[in-house]
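One file, run.csv, is given below (CSV, C-alpha atoms).
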```csv
chain,number,residue,atom,x,y,z
A,1,MET,CA,72.0,-1.3,-0.1
A,2,PRO,CA,70.4,1.7,1.6
A,3,LYS,CA,70.0,1.5,5.4
A,4,LYS,CA,66.4,0.9,6.5
A,5,VAL,CA,64.9,3.8,8.4
A,6,THR,CA,63.7,2.9,11.9
A,7,ASN,CA,62.0,5.2,14.4
A,8,ALA,CA,63.0,8.2,12.4
A,9,LEU,CA,60.5,10.6,13.9
A,10,THR,CA,60.4,12.2,17.3
A,11,PRO,CA,57.4,13.4,19.2
A,12,LEU,CA,58.5,17.0,18.6
A,13,GLN,CA,58.8,16.4,14.8
A,14,VAL,CA,55.3,14.8,14.8
A,15,ARG,CA,53.9,17.8,16.6
A,16,ASN,CA,55.5,20.3,14.2
A,17,ALA,CA,55.3,18.2,11.0
A,18,LYS,CA,54.5,20.1,7.8
A,19,PRO,CA,51.9,19.0,5.2
A,20,GLY,CA,53.1,15.9,3.4
A,21,ARG,CA,54.1,12.3,4.1
A,22,HIS,CA,56.7,11.6,6.8
A,23,ALA,CA,58.3,8.1,7.1
A,24,ASP,CA,59.0,6.7,10.6
A,25,GLY,CA,60.3,3.4,9.3
A,26,GLY,CA,59.0,-0.2,9.2
A,27,GLY,CA,56.2,0.9,6.9
A,28,LEU,CA,54.8,3.5,9.4
A,29,HIS,CA,54.0,6.9,7.9
A,30,LEU,CA,52.6,10.2,9.2
A,31,LEU,CA,50.2,11.9,6.8
A,32,VAL,CA,49.7,15.7,7.3
A,33,LYS,CA,47.0,17.5,5.3
A,34,ALA,CA,47.2,21.1,4.3
A,35,SER,CA,44.7,21.8,7.1
A,36,GLY,CA,47.2,20.4,9.6
A,37,ALA,CA,45.1,17.3,10.3
A,38,GLN,CA,47.3,14.3,11.0
A,39,SER,CA,46.8,10.5,10.5
A,40,TRP,CA,48.9,7.4,10.7
A,41,VAL,CA,49.2,5.0,7.8
A,42,TYR,CA,50.9,1.6,7.6
A,43,ARG,CA,52.3,0.6,4.2
A,44,PHE,CA,52.9,-3.1,3.6
A,45,ARG,CA,53.7,-5.3,0.6
A,46,LEU,CA,52.1,-8.7,0.3
A,47,ASN,CA,52.0,-11.0,-2.7
A,48,GLY,CA,53.9,-8.4,-4.8
A,49,VAL,CA,51.3,-5.7,-4.1
A,50,SER,CA,51.9,-2.6,-2.0
A,51,ARG,CA,48.9,-1.2,0.0
A,52,ASP,CA,48.2,1.5,2.5
A,53,MET,CA,46.2,0.9,5.7
A,54,GLY,CA,44.9,3.7,7.9
A,55,LEU,CA,45.6,3.0,11.6
A,56,SER,CA,43.6,5.8,13.4
A,57,ARG,CA,40.3,3.8,13.6
A,58,CYS,CA,41.5,0.2,13.5
A,59,PRO,CA,40.4,-2.0,16.4
A,60,GLU,CA,43.8,-2.0,18.0
A,61,ALA,CA,44.1,1.8,17.8
A,62,ILE,CA,40.6,2.2,19.3
A,63,THR,CA,41.6,0.0,22.3
A,64,LEU,CA,44.7,2.1,22.9
A,65,LEU,CA,42.8,5.4,22.7
A,66,GLU,CA,40.2,4.1,25.1
A,67,LYS,CA,43.0,3.4,27.6
A,68,SER,CA,44.8,6.7,27.1
A,69,LYS,CA,41.6,8.7,26.8
A,70,ASN,CA,43.2,10.6,23.8
A,71,ASP,CA,41.6,11.5,20.5
A,72,GLU,CA,44.6,10.7,18.3
A,73,LEU,CA,47.3,8.1,18.4
A,74,SER,CA,50.7,9.2,19.8
A,75,LEU,CA,53.9,8.3,18.0
A,76,ALA,CA,54.5,5.4,20.5
A,77,GLU,CA,51.0,4.1,20.1
A,78,ALA,CA,51.2,4.2,16.3
A,79,ARG,CA,54.4,2.2,16.4
A,80,ASP,CA,52.8,-0.4,18.6
A,81,VAL,CA,49.8,-0.8,16.2
A,82,ALA,CA,52.1,-0.9,13.2
A,83,ALA,CA,54.2,-3.6,14.9
A,84,ILE,CA,51.0,-5.8,15.3
A,85,TYR,CA,50.2,-5.5,11.6
A,86,ARG,CA,53.9,-6.0,10.6
A,87,MET,CA,53.8,-9.4,12.3
A,88,LYS,CA,50.5,-10.3,10.5
A,89,VAL,CA,52.1,-9.5,7.1
A,90,LYS,CA,55.2,-11.5,8.0
A,91,ALA,CA,52.8,-14.4,8.7
A,92,GLY,CA,51.2,-14.0,5.3
A,93,ILE,CA,48.0,-12.4,6.7
A,94,ASP,CA,46.5,-9.5,4.7
A,95,PRO,CA,45.5,-7.1,7.5
A,96,LEU,CA,43.1,-5.1,5.3
A,97,LEU,CA,41.2,-8.2,4.2
A,98,GLU,CA,41.1,-9.3,7.8
A,99,ARG,CA,39.7,-6.0,8.9
A,100,GLN,CA,37.0,-6.1,6.1
A,101,GLU,CA,36.0,-9.6,7.1
A,102,ALA,CA,35.8,-8.6,10.8
A,103,ALA,CA,33.7,-5.6,9.8
A,104,ALA,CA,31.4,-7.8,7.8
A,105,GLN,CA,31.1,-10.2,10.7
A,106,ARG,CA,30.2,-7.4,13.1
A,107,ALA,CA,27.6,-6.1,10.7
A,108,ALA,CA,26.1,-9.5,10.4
A,109,GLU,CA,26.0,-9.9,14.2
A,110,SER,CA,24.4,-6.5,14.5
A,111,ALA,CA,21.8,-7.4,11.9
A,112,GLN,CA,21.2,-10.7,13.7
A,113,HIS,CA,20.7,-8.9,17.0
A,114,ALA,CA,18.3,-6.4,15.4
A,115,ALA,CA,16.4,-9.2,13.8
A,116,ALA,CA,16.1,-10.9,17.2
A,117,GLN,CA,14.6,-7.7,18.6
A,118,LYS,CA,12.0,-7.2,15.8
A,119,THR,CA,8.6,-8.3,16.9
A,120,PHE,CA,5.7,-9.2,14.6
A,121,ARG,CA,4.0,-6.0,15.6
A,122,ASP,CA,7.0,-4.0,14.5
A,123,VAL,CA,7.1,-5.6,11.1
A,124,ALA,CA,3.3,-5.2,10.7
A,125,GLY,CA,3.6,-1.6,11.6
A,126,ASP,CA,6.3,-1.0,9.0
A,127,TYR,CA,4.2,-3.0,6.4
A,128,LEU,CA,1.1,-0.9,7.0
A,129,SER,CA,3.1,2.4,6.8
A,130,SER,CA,4.5,1.3,3.5
A,131,TYR,CA,1.3,0.1,1.9
A,132,GLU,CA,-1.8,1.5,3.4
A,133,GLY,CA,-1.3,4.8,1.6
A,134,THR,CA,-1.8,2.9,-1.7
A,135,TRP,CA,-5.2,1.5,-0.6
A,136,ARG,CA,-8.0,3.9,-1.6
A,137,ASN,CA,-10.6,2.2,0.4
A,138,ALA,CA,-10.6,3.5,4.0
A,139,LYS,CA,-12.7,0.5,5.1
A,140,HIS,CA,-10.0,-1.8,3.8
A,141,ARG,CA,-7.3,0.0,5.7
A,142,GLN,CA,-9.4,-0.1,8.9
A,143,GLN,CA,-10.0,-3.9,8.5
A,144,TRP,CA,-6.3,-4.5,8.3
A,145,HIS,CA,-5.7,-2.7,11.6
A,146,ASN,CA,-8.7,-4.2,13.3
A,147,THR,CA,-8.1,-7.8,12.4
A,148,LEU,CA,-4.4,-7.6,13.4
A,149,ARG,CA,-5.4,-5.9,16.7
A,150,ASP,CA,-8.2,-8.4,17.5
A,151,TYR,CA,-6.8,-11.7,16.4
A,152,VAL,CA,-3.0,-11.6,15.8
A,153,TYR,CA,-1.4,-9.2,18.3
A,154,PRO,CA,-2.7,-11.0,21.4
A,155,THR,CA,-0.9,-14.1,20.3
A,156,ILE,CA,2.2,-13.1,18.4
A,157,GLY,CA,2.3,-9.3,18.5
A,158,ASP,CA,5.2,-9.1,20.9
A,159,MET,CA,7.0,-12.2,19.7
A,160,ALA,CA,10.2,-12.0,17.7
A,161,VAL,CA,9.0,-12.3,14.1
A,162,LYS,CA,11.8,-14.8,13.5
A,163,ASP,CA,10.2,-17.2,16.0
A,164,VAL,CA,6.7,-17.2,14.5
A,165,ASP,CA,5.9,-20.7,13.2
A,166,THR,CA,3.0,-22.8,11.9
A,167,GLN,CA,1.7,-23.6,15.4
A,168,HIS,CA,1.3,-19.9,16.1
A,169,VAL,CA,-0.5,-19.2,12.8
A,170,VAL,CA,-2.9,-22.2,13.3
A,171,GLN,CA,-3.5,-21.0,16.9
A,172,ILE,CA,-4.7,-17.7,15.5
A,173,LEU,CA,-6.8,-19.0,12.6
A,174,GLU,CA,-8.4,-22.2,14.0
A,175,PRO,CA,-10.9,-20.5,16.4
A,176,ILE,CA,-12.5,-18.5,13.5
A,177,TRP,CA,-11.7,-20.7,10.5
A,178,THR,CA,-15.2,-22.2,10.3
A,179,THR,CA,-17.2,-19.6,12.1
A,180,LYS,CA,-15.8,-16.5,10.4
A,181,SER,CA,-14.3,-18.1,7.3
A,182,GLU,CA,-14.1,-15.0,5.2
A,183,THR,CA,-12.3,-13.0,7.9
A,184,ALA,CA,-10.0,-15.9,8.7
A,185,SER,CA,-9.0,-16.3,5.0
A,186,ARG,CA,-8.2,-12.7,4.7
A,187,LEU,CA,-6.3,-12.7,8.0
A,188,ARG,CA,-4.2,-15.6,6.8
A,189,GLY,CA,-3.2,-13.7,3.7
A,190,ARG,CA,-2.3,-10.6,5.8
A,191,ILE,CA,-0.1,-12.6,8.1
A,192,GLU,CA,1.5,-14.2,5.1
A,193,ASN,CA,2.3,-10.8,3.5
A,194,ILE,CA,3.8,-9.5,6.7
A,195,LEU,CA,6.0,-12.6,7.2
A,196,ASP,CA,7.1,-12.4,3.6
A,197,ALA,CA,8.2,-8.8,4.2
A,198,ALA,CA,10.0,-9.8,7.3
A,199,LYS,CA,12.0,-12.4,5.3
A,200,VAL,CA,12.9,-9.9,2.6
A,201,LYS,CA,14.2,-7.6,5.2
A,202,GLY,CA,16.3,-10.3,6.8
A,203,TYR,CA,14.3,-10.7,10.0
A,204,ARG,CA,13.5,-14.3,9.5
A,205,SER,CA,14.3,-17.2,7.2
A,206,GLY,CA,12.8,-20.4,5.9
A,207,GLU,CA,9.3,-21.1,4.6
A,208,ASN,CA,6.4,-18.9,5.3
A,209,PRO,CA,4.2,-20.6,8.0
A,210,ALA,CA,1.1,-18.8,6.8
A,211,ARG,CA,1.3,-20.1,3.3
A,212,TRP,CA,-1.8,-21.9,2.2
A,213,ARG,CA,-1.1,-24.1,-0.8
A,214,GLY,CA,1.0,-27.1,0.2
A,215,HIS,CA,1.2,-26.1,3.8
A,216,LEU,CA,-1.9,-24.9,5.8
A,217,ASP,CA,-4.2,-26.6,3.4
A,218,LYS,CA,-2.9,-29.9,4.9
A,219,ILE,CA,-3.9,-28.8,8.4
A,220,LEU,CA,-7.0,-26.6,8.1
A,221,PRO,CA,-10.2,-27.7,6.2
A,222,PRO,CA,-11.2,-25.8,3.0
A,223,ARG,CA,-13.1,-22.7,4.1
A,224,LYS,CA,-16.7,-22.2,3.4
A,225,ARG,CA,-16.9,-19.7,0.6
A,226,LEU,CA,-19.6,-17.1,0.6
A,227,SER,CA,-22.1,-17.6,-2.2
A,228,ARG,CA,-21.5,-14.5,-4.2
A,229,GLY,CA,-21.9,-14.8,-8.0
A,230,HIS,CA,-23.1,-11.6,-9.7
A,231,HIS,CA,-24.9,-8.9,-7.8
A,232,ALA,CA,-28.6,-9.6,-8.0
A,233,ALA,CA,-30.1,-7.3,-10.6
A,234,LEU,CA,-33.6,-6.1,-11.4
A,235,PRO,CA,-34.5,-7.1,-15.0
A,236,TYR,CA,-34.3,-3.9,-17.0
A,237,GLN,CA,-38.0,-4.3,-18.1
A,238,HIS,CA,-39.0,-3.8,-14.5
A,239,VAL,CA,-36.9,-0.7,-13.8
A,240,PRO,CA,-39.5,1.9,-15.0
A,241,GLN,CA,-42.1,0.4,-12.6
A,242,PHE,CA,-39.5,0.4,-9.8
A,243,ILE,CA,-38.7,4.0,-10.4
A,244,ALA,CA,-42.4,4.9,-10.2
A,245,GLU,CA,-42.7,3.1,-6.9
A,246,LEU,CA,-39.4,4.7,-5.7
A,247,ARG,CA,-40.7,8.2,-6.4
A,248,ALA,CA,-43.5,7.6,-3.9
A,249,HIS,CA,-40.8,7.8,-1.2
A,250,SER,CA,-39.7,11.4,-0.3
A,251,ALA,CA,-36.6,10.5,1.8
A,252,THR,CA,-33.2,11.6,0.7
A,253,GLY,CA,-32.2,7.9,0.3
A,254,ALA,CA,-34.8,7.5,-2.4
A,255,LEU,CA,-33.5,10.5,-4.3
A,256,ALA,CA,-29.9,9.1,-3.9
A,257,LEU,CA,-31.0,5.7,-5.2
A,258,GLU,CA,-32.8,7.1,-8.2
A,259,PHE,CA,-29.7,9.3,-9.0
A,260,LEU,CA,-27.5,6.2,-8.8
A,261,ILE,CA,-29.8,4.4,-11.2
A,262,LEU,CA,-29.9,7.3,-13.7
A,263,THR,CA,-26.1,7.7,-13.6
A,264,ALA,CA,-25.2,4.0,-13.5
A,265,ALA,CA,-22.8,4.8,-10.7
A,266,ARG,CA,-21.5,2.8,-7.8
A,267,THR,CA,-22.7,3.3,-4.2
A,268,GLY,CA,-19.5,4.8,-2.9
A,269,GLU,CA,-19.3,7.3,-5.8
A,270,VAL,CA,-22.8,8.6,-5.0
A,271,ILE,CA,-22.7,8.8,-1.3
A,272,GLY,CA,-19.3,10.5,-1.4
A,273,ALA,CA,-20.2,13.0,-4.0
A,274,GLU,CA,-19.8,16.7,-3.1
A,275,TRP,CA,-21.1,19.8,-4.7
A,276,ASP,CA,-17.9,21.0,-6.2
A,277,GLU,CA,-18.0,18.0,-8.4
A,278,ILE,CA,-21.2,19.2,-10.1
A,279,SER,CA,-21.5,21.7,-12.9
A,280,PHE,CA,-25.1,22.6,-13.5
A,281,ASP,CA,-24.2,24.7,-16.6
A,282,ALA,CA,-22.3,21.8,-18.2
A,283,ARG,CA,-24.7,19.2,-16.9
A,284,THR,CA,-21.9,17.1,-15.7
A,285,TRP,CA,-20.7,15.3,-12.5
A,286,THR,CA,-16.9,14.8,-12.4
A,287,ILE,CA,-15.9,12.1,-10.0
A,288,PRO,CA,-12.3,12.4,-8.8
A,289,ALA,CA,-9.9,9.5,-9.4
A,290,THR,CA,-9.6,8.9,-5.6
A,291,ARG,CA,-13.2,7.6,-5.5
A,292,MET,CA,-13.1,5.7,-8.7
A,293,LYS,CA,-12.5,1.9,-8.7
A,294,ALA,CA,-10.2,2.3,-11.7
A,295,GLY,CA,-8.3,5.2,-10.1
A,296,ARG,CA,-9.1,7.6,-13.0
A,297,GLU,CA,-11.3,10.7,-13.1
A,298,HIS,CA,-14.7,10.0,-14.6
A,299,ARG,CA,-17.1,12.5,-16.1
A,300,VAL,CA,-20.8,11.6,-15.9
A,301,PRO,CA,-23.4,13.4,-18.2
A,302,LEU,CA,-26.5,14.4,-16.1
A,303,SER,CA,-30.0,14.0,-17.5
A,304,GLU,CA,-32.7,16.5,-16.8
A,305,ARG,CA,-34.2,14.2,-14.1
A,306,ALA,CA,-30.8,13.8,-12.4
A,307,LEU,CA,-30.4,17.6,-12.3
A,308,GLU,CA,-33.9,17.9,-10.8
A,309,ILE,CA,-32.9,15.6,-8.0
A,310,LEU,CA,-29.8,17.7,-7.3
A,311,HIS,CA,-31.9,20.9,-7.2
A,312,GLN,CA,-34.0,19.2,-4.5
A,313,THR,CA,-31.1,18.0,-2.4
A,314,GLN,CA,-29.3,21.3,-2.8
A,315,GLN,CA,-31.9,22.8,-0.4
A,316,LEU,CA,-30.7,20.4,2.3
A,317,GLY,CA,-27.3,22.2,2.6
A,318,GLY,CA,-24.0,20.7,3.4
A,319,THR,CA,-21.1,19.7,1.2
A,320,HIS,CA,-22.5,16.3,0.1
A,321,LEU,CA,-25.1,15.8,-2.6
A,322,PHE,CA,-26.9,13.4,-0.4
A,323,PRO,CA,-26.2,14.3,3.3
A,324,GLY,CA,-26.7,12.0,6.1
A,325,GLN,CA,-27.1,12.7,9.8
A,326,ARG,CA,-25.3,15.7,11.3
A,327,GLY,CA,-24.0,16.9,7.9
A,328,LYS,CA,-21.9,13.8,7.2
A,329,ALA,CA,-22.1,11.7,4.1
A,330,MET,CA,-25.1,9.3,3.8
A,331,SER,CA,-24.5,5.8,5.1
A,332,GLY,CA,-23.9,3.1,2.5
A,333,MET,CA,-26.8,1.1,4.0
A,334,THR,CA,-29.4,3.8,3.5
A,335,MET,CA,-30.1,2.9,-0.1
A,336,SER,CA,-29.8,-0.9,0.6
A,337,MET,CA,-32.4,-0.7,3.4
A,338,LEU,CA,-34.8,1.3,1.3
A,339,LEU,CA,-34.4,-1.2,-1.6
A,340,ARG,CA,-35.2,-4.1,0.7
A,341,ARG,CA,-38.6,-2.5,1.5
A,342,ILE,CA,-39.5,-2.1,-2.2
A,343,GLU,CA,-37.7,-5.0,-3.9
A,344,ASN,CA,-36.0,-7.4,-1.6
A,345,SER,CA,-34.5,-9.7,-4.2
A,346,VAL,CA,-32.0,-7.3,-5.8
A,347,THR,CA,-29.0,-5.2,-4.8
A,348,VAL,CA,-28.2,-1.6,-5.3
A,349,HIS,CA,-25.1,-2.5,-7.4
A,350,GLY,CA,-27.2,-4.7,-9.6
A,351,PHE,CA,-28.8,-1.6,-11.2
A,352,ARG,CA,-25.6,-1.2,-13.2
A,353,SER,CA,-26.3,-4.6,-14.7
A,354,SER,CA,-29.9,-3.5,-15.4
A,355,PHE,CA,-28.6,-0.5,-17.3
A,356,ARG,CA,-26.0,-2.6,-19.2
A,357,ASP,CA,-28.6,-5.2,-20.3
A,358,TRP,CA,-31.0,-2.4,-21.4
A,359,ALA,CA,-28.3,-0.7,-23.4
A,360,SER,CA,-27.2,-3.9,-25.1
A,361,GLU,CA,-30.7,-5.3,-25.9
A,362,THR,CA,-32.7,-2.2,-26.8
A,363,THR,CA,-30.2,0.3,-28.2
A,364,SER,CA,-27.6,0.4,-31.0
A,365,TYR,CA,-24.9,2.1,-29.1
A,366,PRO,CA,-21.5,0.5,-29.5
A,367,HIS,CA,-20.0,-1.7,-26.8
A,368,GLU,CA,-17.3,0.8,-26.0
A,369,VAL,CA,-19.8,3.6,-25.3
A,370,CYS,CA,-21.8,1.4,-22.9
A,371,GLU,CA,-18.7,0.3,-21.1
A,372,ALA,CA,-17.4,3.9,-20.9
A,373,ALA,CA,-20.8,4.8,-19.3
A,374,LEU,CA,-20.0,2.3,-16.5
A,375,ALA,CA,-16.4,3.6,-16.2
A,376,HIS,CA,-15.1,0.1,-17.0
A,377,THR,CA,-11.4,-0.2,-17.9
A,378,ILE,CA,-10.3,-1.5,-21.3
A,379,SER,CA,-8.8,-4.9,-20.8
A,380,ASN,CA,-7.0,-4.9,-24.1
A,381,LYS,CA,-3.8,-3.0,-23.4
A,382,ALA,CA,-3.2,-2.1,-27.1
A,383,GLU,CA,-6.7,-0.7,-27.4
A,384,ALA,CA,-6.4,1.2,-24.1
A,385,ALA,CA,-3.1,2.8,-25.3
A,386,TYR,CA,-4.8,4.3,-28.4
A,387,ARG,CA,-8.1,5.3,-26.7
A,388,ARG,CA,-7.8,9.0,-25.8
A,389,GLY,CA,-11.3,10.3,-25.6
A,390,ASP,CA,-14.1,9.3,-23.2
A,391,LEU,CA,-16.9,9.2,-25.8
A,392,PHE,CA,-18.7,11.8,-23.7
A,393,ALA,CA,-21.1,13.2,-26.4
A,394,LYS,CA,-22.4,9.7,-27.2
A,395,ARG,CA,-22.6,8.8,-23.6
A,396,ARG,CA,-24.8,11.9,-23.0
A,397,GLN,CA,-27.3,10.7,-25.6
A,398,LEU,CA,-27.2,7.2,-24.1
A,399,MET,CA,-27.9,8.5,-20.5
A,400,ASP,CA,-30.7,10.8,-21.6
A,401,GLU,CA,-32.4,7.9,-23.3
A,402,TRP,CA,-31.9,5.8,-20.2
A,403,ALA,CA,-33.5,8.5,-18.1
A,404,ASP,CA,-36.5,8.6,-20.5
A,405,TYR,CA,-36.8,4.9,-20.3
A,406,CYS,CA,-36.6,4.8,-16.5
A,407,ALA,CA,-39.4,7.4,-16.3
A,408,SER,CA,-41.6,5.7,-18.8
A,409,SER,CA,-44.0,4.3,-16.1
A,410,VAL,CA,-44.1,7.4,-14.0
A,411,ILE,CA,-47.4,9.2,-14.3
A,412,PRO,CA,-46.9,12.9,-15.0
A,413,THR,CA,-48.2,15.2,-12.2
A,414,GLU,CA,-51.1,16.7,-14.2
A,415,ASP,CA,-52.2,13.2,-15.3
A,416,ALA,CA,-52.0,12.0,-11.7
A,417,GLU,CA,-54.3,14.7,-10.6
A,418,ALA,CA,-56.8,13.8,-13.2
A,419,VAL,CA,-56.8,10.2,-12.1
```
Please express what this file holds, its structure, as structure tokens.
Amino acid sequence: MPKKVTNALTPLQVRNAKPGRHADGGGLHLLVKASGAQSWVYRFRLNGVSRDMGLSRCPEAITLLEKSKNDELSLAEARDVAAIYRMKVKAGIDPLLERQEAAAQRAAESAQHAAAQKTFRDVAGDYLSSYEGTWRNAKHRQQWHNTLRDYVYPTIGDMAVKDVDTQHVVQILEPIWTTKSETASRLRGRIENILDAAKVKGYRSGENPARWRGHLDKILPPRKRLSRGHHAALPYQHVPQFIAELRAHSATGALALEFLILTAARTGEVIGAEWDEISFDARTWTIPATRMKAGREHRVPLSERALEILHQTQQLGGTHLFPGQRGKAMSGMTMSMLLRRIENSVTVHGFRSSFRDWASETTSYPHEVCEAALAHTISNKAEAAYRRGDLFAKRRQLMDEWADYCASSVIPTEDAEAV
């Protein structure tokens, strides 16, 4: 039987070792790379399997290096570390598995410590950074920030997110649950989303204390819902008379409201419209996807009257079709306030319904043409997959007829003078 090698290397041999593997005995080997870099490896056999284990960065080696203030293990230090692992293998302990388990434990403890340091404000900030870029509505983004700032952060903003419980959520919601029910309901949902994100990231565990069904609904009374229904609309039969009354107002808001009615557009689409979206030659208004509810670009055919309105507002200057104060976009309330003075029982958005009822009841245009004029999405996925065009030519005819109908009660200028 060959004699076992023990302490075969000397410090000088280690220092001058050539590239390759050099055995010191007892499973300890010196590895030298072609670059001259050296490392120590302990080879052991356990359960019939031979394995190599690097020693340079194991916990025992790090302890020795900290004491000696050296960068690499010396021969004597490598032998000491190998002796520790030799005893473990003799006792049936797999030192590699032990090291992996220890590393996993340290990682878990580190994650647990990080979770303990994560506040609700931290997680909320991460959540907003991830999602607010997907929200097209600037008002919606601002509401998230404002409600968290005003109602949530004073109570749990600096609290570890893992410690937030039902008592804290109720403390936030209860003061406004009946007085500001809509705000409170949305706020509850926002807290729930943030706490869900915290759980997914491992910052907390257990049930979400902001969950409504089966949880908060047992503590807080059902909120008072706003009476919404459909947007109040003017019957289409009354639209021509309304247009006639509207033209008696010379304010920019009146022109904007008439333009909105003629194009069947939404308020945000009109007040945000800029001149580079208009083509007078093509008689079109192209609304970018960022301002469309469906997130898709929408072309609107412009009637002669719609173009007349634009020629008037073009003289006002600025980048917006309907400028407000100091060159900014018109306020969303401008048209609503004007409408209240003329016809208090309807809403600006309701004119889209007026247009839709008129198109359905007085014209023979197909359903899909009328829906396309309103930029409604196709609910049937199969139909949507095959629909490629935007029915623009047919929509132009439809909107020209709508403009004629809207003006049918307007007295022409020469007739008005005769009266």
Residue contacts of Ile219 in chain A (10 Å, only C-alpha atoms) excluding same-chain residues fewer than 4 positions away, as a VMD selection string: chain A and resid 166 170 174 212 214 to 215
A:Ser354, A:Glu361, A:Ala273, A:Ile172 ranked by distance to Leu321 in chain A, top pick (using all atoms listed in the file):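 Once distances to Leu321 in chain A are computed over all atoms listed in the file, the minimum belongs to A:Ala273.
Across the structure, CA of Asp165 in chain A and CA of Pro209 in chain A are spaced 5.5 Å apart.
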Nearest to Arg296 in chain A, chosen from A:Phe242, A:His376, A:Glu371, A:Gln13, with only C-alpha atoms counted in the distances: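 Using only C-alpha atoms, the shortest distance to Arg296 in chain A belongs to A:His376.
The closest residue to Ala264 in chain A, picked from A:Met337, A:Val152, A:Leu374, A:Ala82 and counting all atoms listed in the file, is A:Leu374.
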CA of Gly157 in chain A to CA of Pro221 in chain A, distance in Å rounded to a single decimal: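 For CA of Gly157 in chain A relative to CA of Pro221 in chain A, the distance reads 25.4 Å.
Distances from A:Leu46, A:Ala108, A:Ala233, A:Leu55 to Gly92 in chain A were compared using only C-alpha atoms, and the smallest one belongs to A:Leu46.
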CA of Gln241 in chain A to CA of Arg340 in chain A, distance in Å rounded to a single decimal: 15.6 Å
12 Å contact set for Trp135 in chain A, all atoms listed in the file, chain neighbours under 4 positions out, as a ChimeraX atom specification: /A:128-131,139-144,290-291,293,295
Exercise: Ser39 in chain A partners within 7 Å, all atoms listed in the file, chain neighbours under 5 positions left out, as a PyMOL selection string: chain A and resi 30-32+56
Counting all atoms listed in the file, which residues of range 126-182 of chain A sit at most 7 Å from some atom of range 187-208 of chain A, and what is each one's closest atom pair with its distance in Å to one decimal, listed by chain and rising residue number, as CSV?
```
residue,atom,partner,partner_atom,distance
A:Tyr127,CA,A:Ile194,CA,6.5
A:Thr147,CA,A:Leu187,CA,6.8
A:Val161,CA,A:Arg204,CA,6.7
A:Lys162,CA,A:Arg204,CA,4.4
```
Ref. answer, residues at most 7 Å from (59.6, 5.4, 9.9) with all atoms listed in the file, as a short mmCIF file (atom, residue, chain, number, x, y, z; two decimals) with C-alpha atoms, keeping the file's coordinate frame:
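Saved as result04.cif:
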```cif
data_model
loop_
_atom_site.label_atom_id
_atom_site.label_comp_id
_atom_site.auth_asym_id
_atom_site.auth_seq_id
_atom_site.Cartn_x
_atom_site.Cartn_y
_atom_site.Cartn_z
CA VAL A 5 64.90 3.80 8.40
CA THR A 6 63.70 2.90 11.90
CA ASN A 7 62.00 5.20 14.40
CA ALA A 8 63.00 8.20 12.40
CA LEU A 9 60.50 10.60 13.90
CA ALA A 23 58.30 8.10 7.10
CA ASP A 24 59.00 6.70 10.60
CA GLY A 25 60.30 3.40 9.30
CA GLY A 26 59.00 -0.20 9.20
CA GLY A 27 56.20 0.90 6.90
CA LEU A 28 54.80 3.50 9.40
CA HIS A 29 54.00 6.90 7.90
#
```
Residue among A:Gln167, A:Thr179, A:Ser408, A:Thr263 lying closest to Ala372 in chain A, counting only C-alpha atoms: A:Thr263
